[in-house]
$ cat start.txt   # compact mmCIF, C-alpha atoms
# COMPACT_ATOMS: atom_id res chain seq x y z
CA MET A 71 0.00 0.00 0.00
CA ASN A 72 2.57 2.48 1.09
CA THR A 73 4.86 1.97 -1.85
CA SER A 74 2.15 2.55 -4.46
CA GLN A 75 1.04 5.73 -2.71
CA GLN A 76 4.55 7.08 -2.67
CA THR A 77 5.47 6.47 -6.27
CA VAL A 78 2.48 8.07 -7.95
CA PRO A 79 2.77 11.70 -6.73
CA ASP A 80 6.55 11.49 -6.86
CA SER A 81 6.87 11.38 -10.62
CA LYS A 82 8.17 14.94 -10.61
CA ASN A 83 10.75 14.19 -7.95
CA ARG A 84 11.83 11.05 -9.74
CA LEU A 85 13.04 13.18 -12.61
CA LYS A 86 14.98 15.28 -10.17
CA ASP A 87 16.49 12.22 -8.56
CA LEU A 88 17.95 10.98 -11.80
CA PHE A 89 21.71 11.09 -11.58
CA ILE A 90 21.98 13.02 -14.80
CA PHE A 91 20.02 15.94 -13.33
CA GLN A 92 21.92 15.87 -10.09
CA ALA A 93 25.12 16.04 -12.00
CA TRP A 94 24.26 19.15 -14.03
CA LEU A 95 27.05 21.13 -12.39
CA VAL A 96 29.60 18.41 -13.11
CA LEU A 97 28.54 18.29 -16.76
CA LEU A 98 28.54 22.05 -17.10
CA LEU A 99 31.96 22.41 -15.53
CA ALA A 100 33.34 19.52 -17.56
CA SER A 101 32.31 21.11 -20.84
CA PHE A 102 33.52 24.52 -19.73
CA PHE A 103 36.90 23.21 -18.58
CA GLY A 104 37.16 21.04 -21.68
CA ALA A 105 36.70 24.08 -23.91
CA ALA A 106 39.24 26.05 -21.88
CA LEU A 107 41.81 23.26 -22.16
CA ALA A 108 41.21 22.94 -25.89
CA GLY A 109 41.93 26.65 -26.19
CA ILE A 110 45.13 26.34 -24.15
CA GLN A 111 46.24 23.38 -26.22
CA LEU A 112 45.62 25.25 -29.47
CA THR A 113 47.58 28.31 -28.36
CA LEU A 114 50.49 26.52 -26.71
CA SER A 115 51.00 23.43 -28.86
CA PRO A 116 52.92 25.22 -31.68
CA LYS A 117 55.35 26.50 -29.05
CA ILE A 118 55.72 23.07 -27.44
CA GLU A 119 56.27 21.45 -30.83
CA ALA A 120 58.91 24.07 -31.64
CA ASN A 121 60.67 23.29 -28.34
CA LYS A 122 60.71 19.60 -29.18
CA LEU A 123 61.99 20.29 -32.70
CA ASN A 124 64.81 22.44 -31.32
CA GLU A 125 65.78 19.72 -28.91
CA THR A 126 65.77 17.21 -31.76
CA LEU A 127 67.99 19.40 -33.93
CA GLU A 128 70.42 19.89 -31.05
CA LYS A 129 70.65 16.15 -30.53
CA VAL A 130 71.28 15.22 -34.18
CA PRO A 131 75.13 15.43 -34.13
CA GLU A 132 75.33 13.37 -30.94
CA LEU A 133 72.94 10.74 -32.26
CA ILE A 134 74.92 10.28 -35.46
CA LEU A 135 78.52 10.77 -34.37
CA GLY A 136 78.34 9.65 -30.74
CA ALA A 137 78.72 11.95 -27.73
CA ASP A 138 82.50 12.47 -27.80
CA ALA A 139 82.85 12.92 -31.54
CA ALA A 140 79.87 15.30 -31.55
CA GLN A 141 81.51 17.47 -28.89
CA ALA A 142 84.75 17.58 -30.89
CA PHE A 143 82.72 18.38 -33.98
CA ILE A 144 81.00 21.31 -32.27
CA ASP A 145 84.28 22.52 -30.73
CA LYS A 146 85.73 22.81 -34.22
CA ASN A 147 82.80 25.09 -35.06
CA ARG A 148 81.62 22.78 -37.76
CA GLN A 149 77.98 22.49 -38.49
CA MET A 150 75.71 19.86 -39.89
CA GLU A 151 73.11 20.72 -42.46
CA ILE A 152 69.90 19.16 -41.31
CA ASP A 153 66.98 18.57 -43.66
CA ARG A 154 63.66 17.58 -42.28
CA GLN A 155 61.63 15.19 -44.39
CA PHE A 156 58.49 13.20 -43.97
CA ILE A 157 58.67 9.61 -45.14
CA GLU A 158 55.63 7.39 -45.31
CA ALA A 159 56.42 3.78 -44.59
CA GLY A 160 54.44 0.92 -43.13
CA LYS A 161 51.22 2.95 -42.77
CA LYS A 162 52.98 5.51 -40.62
CA ILE A 163 54.44 8.89 -41.47
CA TYR A 164 57.88 9.35 -39.96
CA SER A 165 59.62 12.62 -39.40
CA VAL A 166 63.18 12.00 -40.57
CA PHE A 167 66.17 14.32 -40.26
CA GLN A 168 68.91 13.94 -42.85
CA ALA A 169 72.23 15.20 -41.54
CA LYS A 170 74.90 16.20 -44.05
CA THR A 171 78.49 17.19 -43.60
CA ASN A 172 80.14 18.69 -46.66
CA GLY A 173 77.14 17.76 -48.76
CA GLN A 174 77.47 14.08 -47.98
CA THR A 175 74.88 12.26 -45.95
CA ALA A 176 76.40 11.62 -42.54
CA GLY A 177 73.44 9.83 -41.13
CA TRP A 178 69.76 9.93 -40.35
CA VAL A 179 67.73 10.65 -37.27
CA VAL A 180 64.27 9.12 -37.15
CA LYS A 181 61.62 10.41 -34.82
CA SER A 182 59.26 7.70 -33.72
CA SER A 183 56.80 6.94 -30.98
CA GLY A 184 54.81 4.12 -29.50
CA GLN A 185 52.96 2.92 -26.44
CA GLY A 186 55.06 2.41 -23.32
CA TYR A 187 53.99 1.13 -19.92
CA ALA A 188 52.31 4.31 -18.70
CA GLY A 189 51.93 6.38 -21.83
CA LYS A 190 53.40 7.37 -25.14
CA ILE A 191 57.17 7.14 -25.55
CA GLU A 192 58.68 9.52 -28.09
CA LEU A 193 62.21 8.81 -29.15
CA LEU A 194 64.90 9.62 -31.69
CA ILE A 195 66.92 6.89 -33.43
CA GLY A 196 70.19 7.74 -35.12
CA VAL A 197 71.40 5.50 -37.96
CA ASP A 198 74.39 5.74 -40.26
CA ALA A 199 74.08 6.92 -43.87
CA LYS A 200 73.43 3.46 -45.31
CA SER A 201 71.15 2.69 -42.34
CA GLU A 202 73.09 -0.41 -41.45
CA GLU A 203 73.82 0.39 -37.83
CA ILE A 204 72.17 2.28 -35.01
CA THR A 205 74.36 5.20 -34.01
CA GLY A 206 72.34 6.59 -31.14
CA LEU A 207 69.09 6.63 -29.23
CA PHE A 208 67.48 9.46 -27.32
CA ILE A 209 64.19 9.62 -25.41
CA LEU A 210 62.30 12.84 -26.15
CA ASP A 211 59.23 12.31 -24.04
CA GLN A 212 58.00 9.57 -21.74
CA LYS A 213 55.64 9.07 -18.83
CA GLU A 214 57.08 5.84 -17.42
CA THR A 215 57.21 5.09 -13.69
CA PRO A 216 59.73 7.36 -11.95
CA GLY A 217 62.66 5.34 -10.62
CA LEU A 218 61.92 2.28 -12.75
CA GLY A 219 60.67 2.80 -16.29
CA ASN A 220 62.08 6.27 -16.63
CA LYS A 221 65.57 4.78 -16.53
CA ILE A 222 65.13 4.33 -20.28
CA MET A 223 66.29 7.97 -20.41
CA GLU A 224 69.66 7.20 -18.85
CA SER A 225 72.57 7.15 -21.24
CA VAL A 226 74.02 3.98 -19.68
CA TRP A 227 70.98 2.05 -20.82
CA ARG A 228 70.59 3.81 -24.18
CA LYS A 229 74.25 3.13 -25.02
CA GLN A 230 73.43 -0.56 -25.52
CA PHE A 231 71.68 0.29 -28.77
CA ILE A 232 74.73 1.88 -30.34
CA ASN A 233 76.37 -0.20 -33.07
CA LYS A 234 73.52 -2.67 -33.21
CA SER A 235 72.74 -3.84 -36.72
CA THR A 236 69.46 -2.60 -38.17
CA GLN A 237 68.91 -5.92 -39.94
CA GLN A 238 67.84 -7.74 -36.80
CA GLN A 239 64.98 -7.57 -34.35
CA LEU A 240 66.21 -6.36 -30.97
CA THR A 241 64.86 -8.07 -27.88
CA ALA A 242 65.02 -7.00 -24.26
CA VAL A 243 66.14 -9.87 -22.04
CA LYS A 244 66.05 -10.13 -18.26
CA THR A 245 69.21 -12.19 -18.04
CA LYS A 246 72.55 -10.82 -19.14
CA ALA A 247 72.43 -9.96 -22.83
CA ALA A 248 74.68 -12.30 -24.80
CA ALA A 249 73.51 -12.45 -28.42
CA PRO A 250 74.22 -9.41 -30.63
CA ASN A 251 70.52 -8.58 -30.86
CA GLU A 252 69.90 -8.62 -27.11
CA ILE A 253 69.45 -5.61 -24.87
CA ASN A 254 69.53 -5.82 -21.07
CA ALA A 255 66.07 -4.98 -19.79
CA ILE A 256 65.88 -2.56 -16.86
CA THR A 257 65.15 -4.39 -13.62
CA GLY A 258 61.53 -3.78 -12.69
CA ALA A 259 60.77 -2.15 -16.00
CA THR A 260 60.65 -4.97 -18.52
CA ILE A 261 57.61 -3.53 -20.28
CA SER A 262 59.23 -0.12 -20.76
CA SER A 263 62.41 -1.77 -22.06
CA LYS A 264 60.48 -3.99 -24.45
CA SER A 265 58.43 -1.03 -25.66
CA VAL A 266 61.54 0.90 -26.60
CA CYS A 267 62.97 -2.14 -28.44
CA GLY A 268 59.64 -2.60 -30.20
CA ILE A 269 59.47 1.01 -31.36
CA VAL A 270 63.07 0.85 -32.61
CA ASN A 271 62.46 -2.47 -34.41
CA GLN A 272 59.33 -1.34 -36.15
CA SER A 273 60.69 2.02 -37.22
CA LEU A 274 63.88 0.55 -38.61
CA GLU A 275 62.06 -2.26 -40.38
CA ASN A 276 59.89 0.32 -42.12
CA LEU A 277 62.60 2.85 -42.87
CA ARG A 278 65.77 0.84 -43.52
CA GLN A 279 65.11 0.49 -47.24
CA PRO A 280 63.86 4.02 -47.99
CA LEU A 281 66.75 5.61 -46.07
CA ALA A 282 69.45 3.46 -47.65
CA SER A 283 68.22 4.19 -51.16
CA ALA A 284 67.79 7.89 -50.41
CA ALA A 285 71.37 8.12 -49.17
CA LEU A 286 72.59 6.32 -52.26
CA ASN A 287 70.78 8.69 -54.61
CA ASN A 288 72.15 11.65 -52.83
CA GLN A 289 75.74 10.58 -53.27
CA ASN A 290 75.24 9.83 -56.91
CA PRO A 291 77.22 12.49 -58.88
CA SER A 292 74.66 12.47 -61.72
CA ASP A 293 72.14 13.75 -59.21
CA ASN A 294 72.72 17.47 -59.60
CA GLN A 295 71.74 18.91 -56.29
CA PRO A 296 72.79 22.44 -55.37
CA ASN A 297 74.89 21.20 -52.48
CA ASN A 298 78.21 22.14 -53.99
CA ASN A 299 77.98 25.76 -53.00
CA GLN A 300 77.45 24.95 -49.40
CA GLU A 301 80.40 22.62 -49.26
CA LYS A 302 82.91 25.43 -49.15
CA LYS A 303 81.44 27.06 -46.08
CA MET B 193 29.93 29.67 10.13
CA THR B 194 30.91 31.88 13.05
CA ASP B 195 33.58 29.57 14.38
CA GLN B 196 35.37 29.40 11.02
CA PRO B 197 38.78 31.08 10.95
CA THR B 198 38.98 34.50 9.28
CA ALA B 199 40.91 35.21 6.07
CA PHE B 200 43.94 36.47 7.98
CA GLU B 201 43.95 33.49 10.33
CA ARG B 202 43.73 31.13 7.37
CA PHE B 203 46.70 32.87 5.79
CA THR B 204 48.99 32.74 8.84
CA GLN B 205 47.96 29.22 9.84
CA GLY B 206 49.03 27.86 6.48
CA ILE B 207 52.57 29.16 6.79
CA LEU B 208 53.68 27.63 10.08
CA PRO B 209 51.08 26.41 12.62
CA GLU B 210 49.34 24.24 10.00
CA ASN B 211 52.22 23.90 7.56
CA PRO B 212 51.01 21.41 4.94
CA VAL B 213 54.29 19.47 4.93
CA TYR B 214 55.64 19.63 8.48
CA ARG B 215 52.36 19.72 10.41
CA GLN B 216 49.82 18.01 8.15
CA LEU B 217 52.26 15.68 6.36
CA LEU B 218 50.49 16.21 3.03
CA GLY B 219 51.93 16.42 -0.46
CA LEU B 220 54.98 14.38 0.44
CA CYS B 221 55.45 12.95 -3.05
CA PRO B 222 56.80 16.22 -4.53
CA VAL B 223 58.51 16.99 -1.21
CA LEU B 224 60.68 13.93 -1.63
CA ALA B 225 60.93 13.89 -5.41
CA VAL B 226 61.73 17.40 -6.62
CA THR B 227 63.81 18.81 -3.76
CA ASN B 228 67.27 17.93 -5.09
CA SER B 229 67.63 21.43 -6.53
CA MET B 230 66.19 24.77 -5.51
CA GLN B 231 65.13 25.62 -9.06
CA GLY B 232 63.00 22.51 -9.37
CA ALA B 233 61.56 22.95 -5.90
CA MET B 234 60.59 26.57 -6.50
CA THR B 235 59.00 25.76 -9.88
CA MET B 236 56.97 23.08 -8.14
CA ALA B 237 55.95 25.54 -5.41
CA GLY B 238 54.88 28.06 -8.04
CA ALA B 239 52.83 25.43 -9.86
CA VAL B 240 51.13 24.39 -6.61
CA LEU B 241 50.39 28.04 -5.76
CA PHE B 242 48.70 28.56 -9.13
CA VAL B 243 46.66 25.37 -8.98
CA LEU B 244 45.65 25.80 -5.33
CA LEU B 245 44.68 29.45 -5.77
CA CYS B 246 42.58 28.82 -8.89
CA ALA B 247 40.95 25.68 -7.50
CA ASN B 248 40.12 27.35 -4.16
CA VAL B 249 38.63 30.43 -5.84
CA ILE B 250 36.48 28.41 -8.26
CA ILE B 251 35.27 26.00 -5.57
CA SER B 252 34.47 28.89 -3.26
CA LEU B 253 32.47 30.65 -6.01
CA ILE B 254 30.29 27.58 -6.61
CA ARG B 255 30.20 26.36 -2.99
CA ASP B 256 26.43 26.88 -2.67
CA LEU B 257 25.76 24.68 -5.70
CA LEU B 258 27.83 21.73 -4.47
CA LYS B 259 26.01 18.53 -3.61
CA PRO B 260 27.66 16.53 -0.84
CA HIS B 261 27.98 13.31 -2.82
CA LEU B 262 29.27 15.02 -5.96
CA ARG B 263 31.70 17.49 -4.42
CA ILE B 264 34.83 15.33 -4.74
CA VAL B 265 34.17 14.85 -8.46
CA ILE B 266 33.97 18.61 -8.90
CA PHE B 267 37.13 19.21 -6.86
CA THR B 268 39.06 16.70 -8.93
CA LEU B 269 37.73 18.09 -12.20
CA THR B 270 38.73 21.63 -11.26
CA ILE B 271 42.17 20.64 -9.98
CA ALA B 272 42.90 18.49 -13.03
CA THR B 273 42.04 21.37 -15.35
CA PHE B 274 44.45 23.80 -13.72
CA VAL B 275 47.19 21.20 -13.42
CA THR B 276 46.93 20.54 -17.15
CA ILE B 277 47.19 24.27 -17.81
CA VAL B 278 50.37 24.50 -15.69
CA ASP B 279 51.82 21.41 -17.36
CA ARG B 280 51.27 22.77 -20.89
CA PHE B 281 52.52 26.20 -19.85
CA LEU B 282 55.78 24.79 -18.48
CA ALA B 283 56.28 22.66 -21.58
CA ALA B 284 55.88 25.77 -23.73
CA TYR B 285 57.93 28.32 -21.77
CA MET B 286 60.22 26.35 -19.45
CA TYR B 287 60.89 23.29 -21.55
CA GLN B 288 64.01 22.00 -19.75
CA MET B 289 62.40 22.47 -16.35
CA SER B 290 59.28 20.70 -17.52
CA LYS B 291 61.43 17.77 -18.66
CA SER B 292 63.35 17.56 -15.40
CA LEU B 293 60.19 17.71 -13.27
CA GLY B 294 58.68 15.09 -15.57
CA PRO B 295 55.56 13.39 -14.23
CA TYR B 296 55.56 15.31 -10.94
CA ILE B 297 53.72 18.26 -12.46
CA PRO B 298 50.78 16.11 -13.68
CA LEU B 299 50.91 14.39 -10.29
CA ILE B 300 49.86 17.64 -8.58
CA ILE B 301 46.34 16.42 -9.44
CA VAL B 302 46.60 13.83 -6.69
CA ASN B 303 48.40 16.15 -4.26
CA CYS B 304 46.29 15.97 -1.12
CA ILE B 305 47.07 19.53 -0.05
CA ILE B 306 44.83 20.89 -2.76
CA ILE B 307 41.84 18.59 -2.34
CA CYS B 308 42.18 19.08 1.43
CA ARG B 309 42.02 22.88 1.16
CA CYS B 310 39.02 22.66 -1.20
CA GLU B 311 37.25 20.45 1.32
CA VAL B 312 38.25 22.21 4.53
CA CYS B 313 38.15 25.83 3.47
CA ALA B 314 37.01 26.70 -0.05
CA SER B 315 33.77 24.70 -0.02
CA LYS B 316 32.67 26.45 3.18
CA GLN B 317 34.06 29.99 3.17
CA SER B 318 34.05 33.15 1.07
CA VAL B 319 36.24 33.74 -1.97
CA LEU B 320 38.54 36.12 -0.10
CA THR B 321 39.13 33.64 2.73
CA ALA B 322 39.65 30.80 0.27
CA ALA B 323 42.18 32.83 -1.69
CA SER B 324 44.17 33.86 1.37
CA ASP B 325 44.04 30.28 2.59
CA ALA B 326 45.46 29.12 -0.74
CA ILE B 327 48.27 31.66 -0.61
CA GLY B 328 49.10 30.85 3.01
CA GLN B 329 49.18 27.12 2.41
CA SER B 330 51.25 27.52 -0.76
CA LEU B 331 53.75 29.70 1.08
CA GLY B 332 53.98 27.06 3.78
CA PHE B 333 54.53 24.42 1.11
CA ALA B 334 57.15 26.59 -0.63
CA LEU B 335 58.98 27.14 2.68
CA ALA B 336 59.01 23.43 3.39
CA LEU B 337 60.30 22.61 -0.11
CA ALA B 338 62.92 25.35 0.17
CA SER B 339 64.18 24.12 3.53
CA ILE B 340 64.67 20.58 2.25
CA ALA B 341 65.98 21.62 -1.17
CA SER B 342 68.58 23.99 0.26
CA VAL B 343 70.00 21.31 2.56
CA ARG B 344 70.07 18.75 -0.26
CA GLU B 345 71.45 21.03 -2.96
CA ILE B 346 74.13 22.63 -0.78
CA LEU B 347 75.38 19.39 0.75
CA GLY B 348 74.92 17.35 -2.40
CA THR B 349 76.45 19.63 -5.00
CA GLY B 350 77.96 22.55 -3.07
CA MET B 351 75.67 24.89 -4.97
CA PHE B 352 72.59 26.94 -4.18
CA PHE B 353 70.22 27.89 -7.02
CA GLY B 354 72.98 26.71 -9.35
CA PHE B 355 75.61 29.07 -7.84
CA ARG B 356 78.58 27.69 -5.93
CA VAL B 357 78.38 28.46 -2.19
CA LEU B 358 80.74 25.89 -0.70
CA PRO B 359 84.45 25.87 -1.61
CA LYS B 360 85.50 23.63 -4.49
CA MET B 361 87.22 21.26 -2.05
CA TRP B 362 83.84 20.29 -0.63
CA PRO B 363 83.38 16.58 -1.35
CA ASP B 364 79.87 16.51 -2.82
CA TRP B 365 77.65 14.24 -0.79
CA VAL B 366 76.04 12.68 -3.83
CA ILE B 367 73.64 10.71 -1.64
CA MET B 368 71.90 13.97 -0.73
CA VAL B 369 70.66 14.55 -4.27
CA LEU B 370 69.63 10.90 -4.64
CA PRO B 371 66.32 9.59 -3.20
CA PRO B 372 67.82 8.44 0.16
CA GLY B 373 68.98 12.01 0.76
CA ALA B 374 65.37 13.15 0.52
CA PHE B 375 64.25 10.74 3.22
CA LEU B 376 67.20 11.55 5.49
CA THR B 377 66.79 15.32 5.19
CA PHE B 378 63.03 15.27 5.52
CA GLY B 379 63.12 12.90 8.49
CA LEU B 380 65.66 14.99 10.38
CA LEU B 381 63.93 18.30 9.63
CA LEU B 382 60.53 16.87 10.58
CA GLY B 383 62.00 15.59 13.82
CA ALA B 384 63.49 19.03 14.52
CA VAL B 385 60.18 20.77 13.86
CA ASN B 386 58.31 18.36 16.13
CA TRP B 387 60.91 18.81 18.84
CA VAL B 388 60.55 22.60 18.71
CA VAL B 389 56.76 22.36 18.77
CA ALA B 390 56.80 19.96 21.72
CA LYS B 391 59.20 22.20 23.60
CA LYS B 392 57.02 25.25 22.99
CA LYS B 393 53.98 23.38 24.27
CA ALA B 394 55.81 22.28 27.40
CA ASN B 395 56.94 25.81 28.14
CA GLY B 396 53.72 27.60 27.54

$ encode --input "start.txt" --output "structure tokens"
Amino acid sequence: MNTSQQTVPDSKNRLKDLFIFQAWLVLLLASFFGAALAGIQLTLSPKIEANKLNETLEKVPELILGADAAQAFIDKNRQMEIDRQFIEAGKKIYSVFQAKTNGQTAGWVVKSSGQGYAGKIELLIGVDAKSEEITGLFILDQKETPGLGNKIMESVWRKQFINKSTQQQLTAVKTKAAAPNEINAITGATISSKSVCGIVNQSLENLRQPLASAALNNQNPSDNQPNNNQEKK
Amino acid sequence: MTDQPTAFERFTQGILPENPVYRQLLGLCPVLAVTNSMQGAMTMAGAVLFVLLCANVIISLIRDLLKPHLRIVIFTLTIATFVTIVDRFLAAYMYQMSKSLGPYIPLIIVNCIIICRCEVCASKQSVLTAASDAIGQSLGFALALASIASVREILGTGMFFGFRVLPKMWPDWVIMVLPPGAFLTFGLLLGAVNWVVAKKKANG
């Protein structure tokens, strides 16, 4: 008896009790904040992208020549010409930096990204002109666990990738790396280590051919590119 | 409402008597993580000031519309928005700092100081009181970060704000800038603060 009496006159209140009506302030604020954040993102993202690009350009000599040689290179006041290109390979568009010294391709830096343990990992891979060997690795952006996964940024760990052949698939192993294609995984951060290897493998598999042939064309003397003027600088 | 502290009381309480780090033991994640240099610590304090001030003011403005069971959602939403703004801003204008602070800027979202101030003060008191509470608490937080960061940076690297203050012969205590140094410094300073407070109580 009681229940039927209560429900009939309460039809108005029932509407009010619906969660969606109670949450009007949450919804309103969410859309307002969402719009504000979209605005912030639109205004600031060109600047953030420019910061990342600058960092990439600064890292190019080190990624191709190695840290010591790059320092010596800069000390001699020599400069690399860096061309940015976009290469489509394996359904992805890669941002690739071609570094030239004296008009000759010195190497390539590939910007790539992929899913890590806690978020997107953005990294730079340096390869030699014929894209046969990895010459450097640098982590641009990551959100891995502090103290564990974020050790992928440390140069001690990244050094393992240097001089690895691009022909093979790299694997992160928990035991001591023995085979030439093995990388020591970071203790407690196997997923982050494997993610980095995976990103490197996929990018190189897609780009090895295009880069090697591009470097070859560039060195071909019949290919009349206006590089000769810049050589004398 | 009458027994609520006034704006001025809120401001002074935040700095020492209710210091968020030493007295409330809140926000310890950044306290331990970003205090190995003064620059990082002060950037973190600035970010917390901005987020806390904005969140407190907004929550205080809408405090009459809050429903008890939905208030935490609204606090979190507001805090997350301002943290994202700070994070993007640092990435655009202080890129190196944003990289070295890494995930600790986004982690301000879960910093209990802010949600605590929204709950304790901003959702109950006027905008002016909420704002002065935010500034007081942030100053207290900044002081705490500065005290730990100066000990760690000076002993660990012989520098203060990146300038050398100890003679070159100082053997840098590297452990001070590593995570154990954070626990050691914070533990000792916290003990000292508690000792002083206990002594004051006993005397008066």

$ atom_distance --input "start.txt" --atom1 "CA of Asp87 (chain A)" --atom2 "CA of Leu258 (chain B)"
15.4 Å

$ residues_around --input "start.txt" --residues "region 124-132 of chain A" --least-positions-apart "3" --cutoff "9 Å" --atoms "all atoms listed in the file" --output "JSON, numbers by chain"
{"A": [119, 120, 121, 135, 136, 137, 138, 139, 140, 141, 143, 144, 149, 150, 152, 167, 169, 178, 179, 181, 194, 196, 205, 206, 208, 210]}

$ closest_atom_pairs --input "start.txt" --of "chain B" --to "chain A" --cutoff "12 Å" --atoms "only C-alpha atoms" --output "JSON lines"
{"residue": "B:Cys221", "atom": "CA", "partner": "A:Pro216", "partner_atom": "CA", "distance": 11.3}
{"residue": "B:Pro222", "atom": "CA", "partner": "A:Pro216", "partner_atom": "CA", "distance": 11.9}
{"residue": "B:Ala225", "atom": "CA", "partner": "A:Pro216", "partner_atom": "CA", "distance": 9.3}
{"residue": "B:Val226", "atom": "CA", "partner": "A:Pro216", "partner_atom": "CA", "distance": 11.5}
{"residue": "B:Ile250", "atom": "CA", "partner": "A:Leu99", "partner_atom": "CA", "distance": 10.5}
{"residue": "B:Ile251", "atom": "CA", "partner": "A:Leu99", "partner_atom": "CA", "distance": 11.1}
{"residue": "B:Ile254", "atom": "CA", "partner": "A:Leu95", "partner_atom": "CA", "distance": 9.2}
{"residue": "B:Arg255", "atom": "CA", "partner": "A:Leu95", "partner_atom": "CA", "distance": 11.2}
{"residue": "B:Asp256", "atom": "CA", "partner": "A:Leu95", "partner_atom": "CA", "distance": 11.3}
{"residue": "B:Leu257", "atom": "CA", "partner": "A:Leu95", "partner_atom": "CA", "distance": 7.7}
{"residue": "B:Leu258", "atom": "CA", "partner": "A:Leu95", "partner_atom": "CA", "distance": 8.0}
{"residue": "B:Lys259", "atom": "CA", "partner": "A:Gln92", "partner_atom": "CA", "distance": 8.1}
{"residue": "B:Pro260", "atom": "CA", "partner": "A:Gln92", "partner_atom": "CA", "distance": 10.9}
{"residue": "B:His261", "atom": "CA", "partner": "A:Gln92", "partner_atom": "CA", "distance": 9.8}
{"residue": "B:Leu262", "atom": "CA", "partner": "A:Ala93", "partner_atom": "CA", "distance": 7.4}
{"residue": "B:Arg263", "atom": "CA", "partner": "A:Val96", "partner_atom": "CA", "distance": 9.0}
{"residue": "B:Ile264", "atom": "CA", "partner": "A:Val96", "partner_atom": "CA", "distance": 10.3}
{"residue": "B:Val265", "atom": "CA", "partner": "A:Val96", "partner_atom": "CA", "distance": 7.4}
{"residue": "B:Ile266", "atom": "CA", "partner": "A:Val96", "partner_atom": "CA", "distance": 6.1}
{"residue": "B:Phe267", "atom": "CA", "partner": "A:Val96", "partner_atom": "CA", "distance": 9.8}
{"residue": "B:Thr268", "atom": "CA", "partner": "A:Val96", "partner_atom": "CA", "distance": 10.5}
{"residue": "B:Leu269", "atom": "CA", "partner": "A:Ala100", "partner_atom": "CA", "distance": 7.1}
{"residue": "B:Thr270", "atom": "CA", "partner": "A:Phe103", "partner_atom": "CA", "distance": 7.7}
{"residue": "B:Ile271", "atom": "CA", "partner": "A:Phe103", "partner_atom": "CA", "distance": 10.4}
{"residue": "B:Ala272", "atom": "CA", "partner": "A:Phe103", "partner_atom": "CA", "distance": 9.4}
{"residue": "B:Thr273", "atom": "CA", "partner": "A:Phe103", "partner_atom": "CA", "distance": 6.3}
{"residue": "B:Phe274", "atom": "CA", "partner": "A:Leu107", "partner_atom": "CA", "distance": 8.9}
{"residue": "B:Val275", "atom": "CA", "partner": "A:Leu107", "partner_atom": "CA", "distance": 10.5}
{"residue": "B:Thr276", "atom": "CA", "partner": "A:Leu107", "partner_atom": "CA", "distance": 7.7}
{"residue": "B:Ile277", "atom": "CA", "partner": "A:Ile110", "partner_atom": "CA", "distance": 7.0}
{"residue": "B:Val278", "atom": "CA", "partner": "A:Ile110", "partner_atom": "CA", "distance": 10.1}
{"residue": "B:Asp279", "atom": "CA", "partner": "A:Gln111", "partner_atom": "CA", "distance": 10.7}
{"residue": "B:Arg280", "atom": "CA", "partner": "A:Leu114", "partner_atom": "CA", "distance": 7.0}
{"residue": "B:Phe281", "atom": "CA", "partner": "A:Leu114", "partner_atom": "CA", "distance": 7.2}
{"residue": "B:Leu282", "atom": "CA", "partner": "A:Ile118", "partner_atom": "CA", "distance": 9.1}
{"residue": "B:Ala283", "atom": "CA", "partner": "A:Ile118", "partner_atom": "CA", "distance": 5.9}
{"residue": "B:Ala284", "atom": "CA", "partner": "A:Ile118", "partner_atom": "CA", "distance": 4.6}
{"residue": "B:Tyr285", "atom": "CA", "partner": "A:Lys117", "partner_atom": "CA", "distance": 7.9}
{"residue": "B:Met286", "atom": "CA", "partner": "A:Asn121", "partner_atom": "CA", "distance": 9.4}
{"residue": "B:Tyr287", "atom": "CA", "partner": "A:Asn121", "partner_atom": "CA", "distance": 6.8}
{"residue": "B:Gln288", "atom": "CA", "partner": "A:Asn121", "partner_atom": "CA", "distance": 9.3}
{"residue": "B:Ser290", "atom": "CA", "partner": "A:Asp211", "partner_atom": "CA", "distance": 10.6}
{"residue": "B:Lys291", "atom": "CA", "partner": "A:Asp211", "partner_atom": "CA", "distance": 8.0}
{"residue": "B:Ser292", "atom": "CA", "partner": "A:Asp211", "partner_atom": "CA", "distance": 10.9}
{"residue": "B:Leu293", "atom": "CA", "partner": "A:Pro216", "partner_atom": "CA", "distance": 10.4}
{"residue": "B:Gly294", "atom": "CA", "partner": "A:Lys213", "partner_atom": "CA", "distance": 7.5}
{"residue": "B:Pro295", "atom": "CA", "partner": "A:Lys213", "partner_atom": "CA", "distance": 6.3}
{"residue": "B:Tyr296", "atom": "CA", "partner": "A:Pro216", "partner_atom": "CA", "distance": 9.0}
{"residue": "B:Ile297", "atom": "CA", "partner": "A:Lys213", "partner_atom": "CA", "distance": 11.3}
{"residue": "B:Pro298", "atom": "CA", "partner": "A:Lys213", "partner_atom": "CA", "distance": 10.0}
{"residue": "B:Leu299", "atom": "CA", "partner": "A:Lys213", "partner_atom": "CA", "distance": 11.1}
{"residue": "B:Leu370", "atom": "CA", "partner": "A:Gly217", "partner_atom": "CA", "distance": 10.7}
{"residue": "B:Pro371", "atom": "CA", "partner": "A:Gly217", "partner_atom": "CA", "distance": 9.3}

$ residues_near_point --input "start.txt" --point "(39.1, 26.9, 8.8)" --cutoff "7 Å" --atoms "all atoms listed in the file" --output "compact mmCIF listing (two decimals) with C-alpha atoms, in the frame of the given file"
# COMPACT_ATOMS: atom_id res chain seq x y z
CA GLN B 196 35.37 29.40 11.02
CA PRO B 197 38.78 31.08 10.95
CA ARG B 202 43.73 31.13 7.37
CA VAL B 312 38.25 22.21 4.53
CA CYS B 313 38.15 25.83 3.47
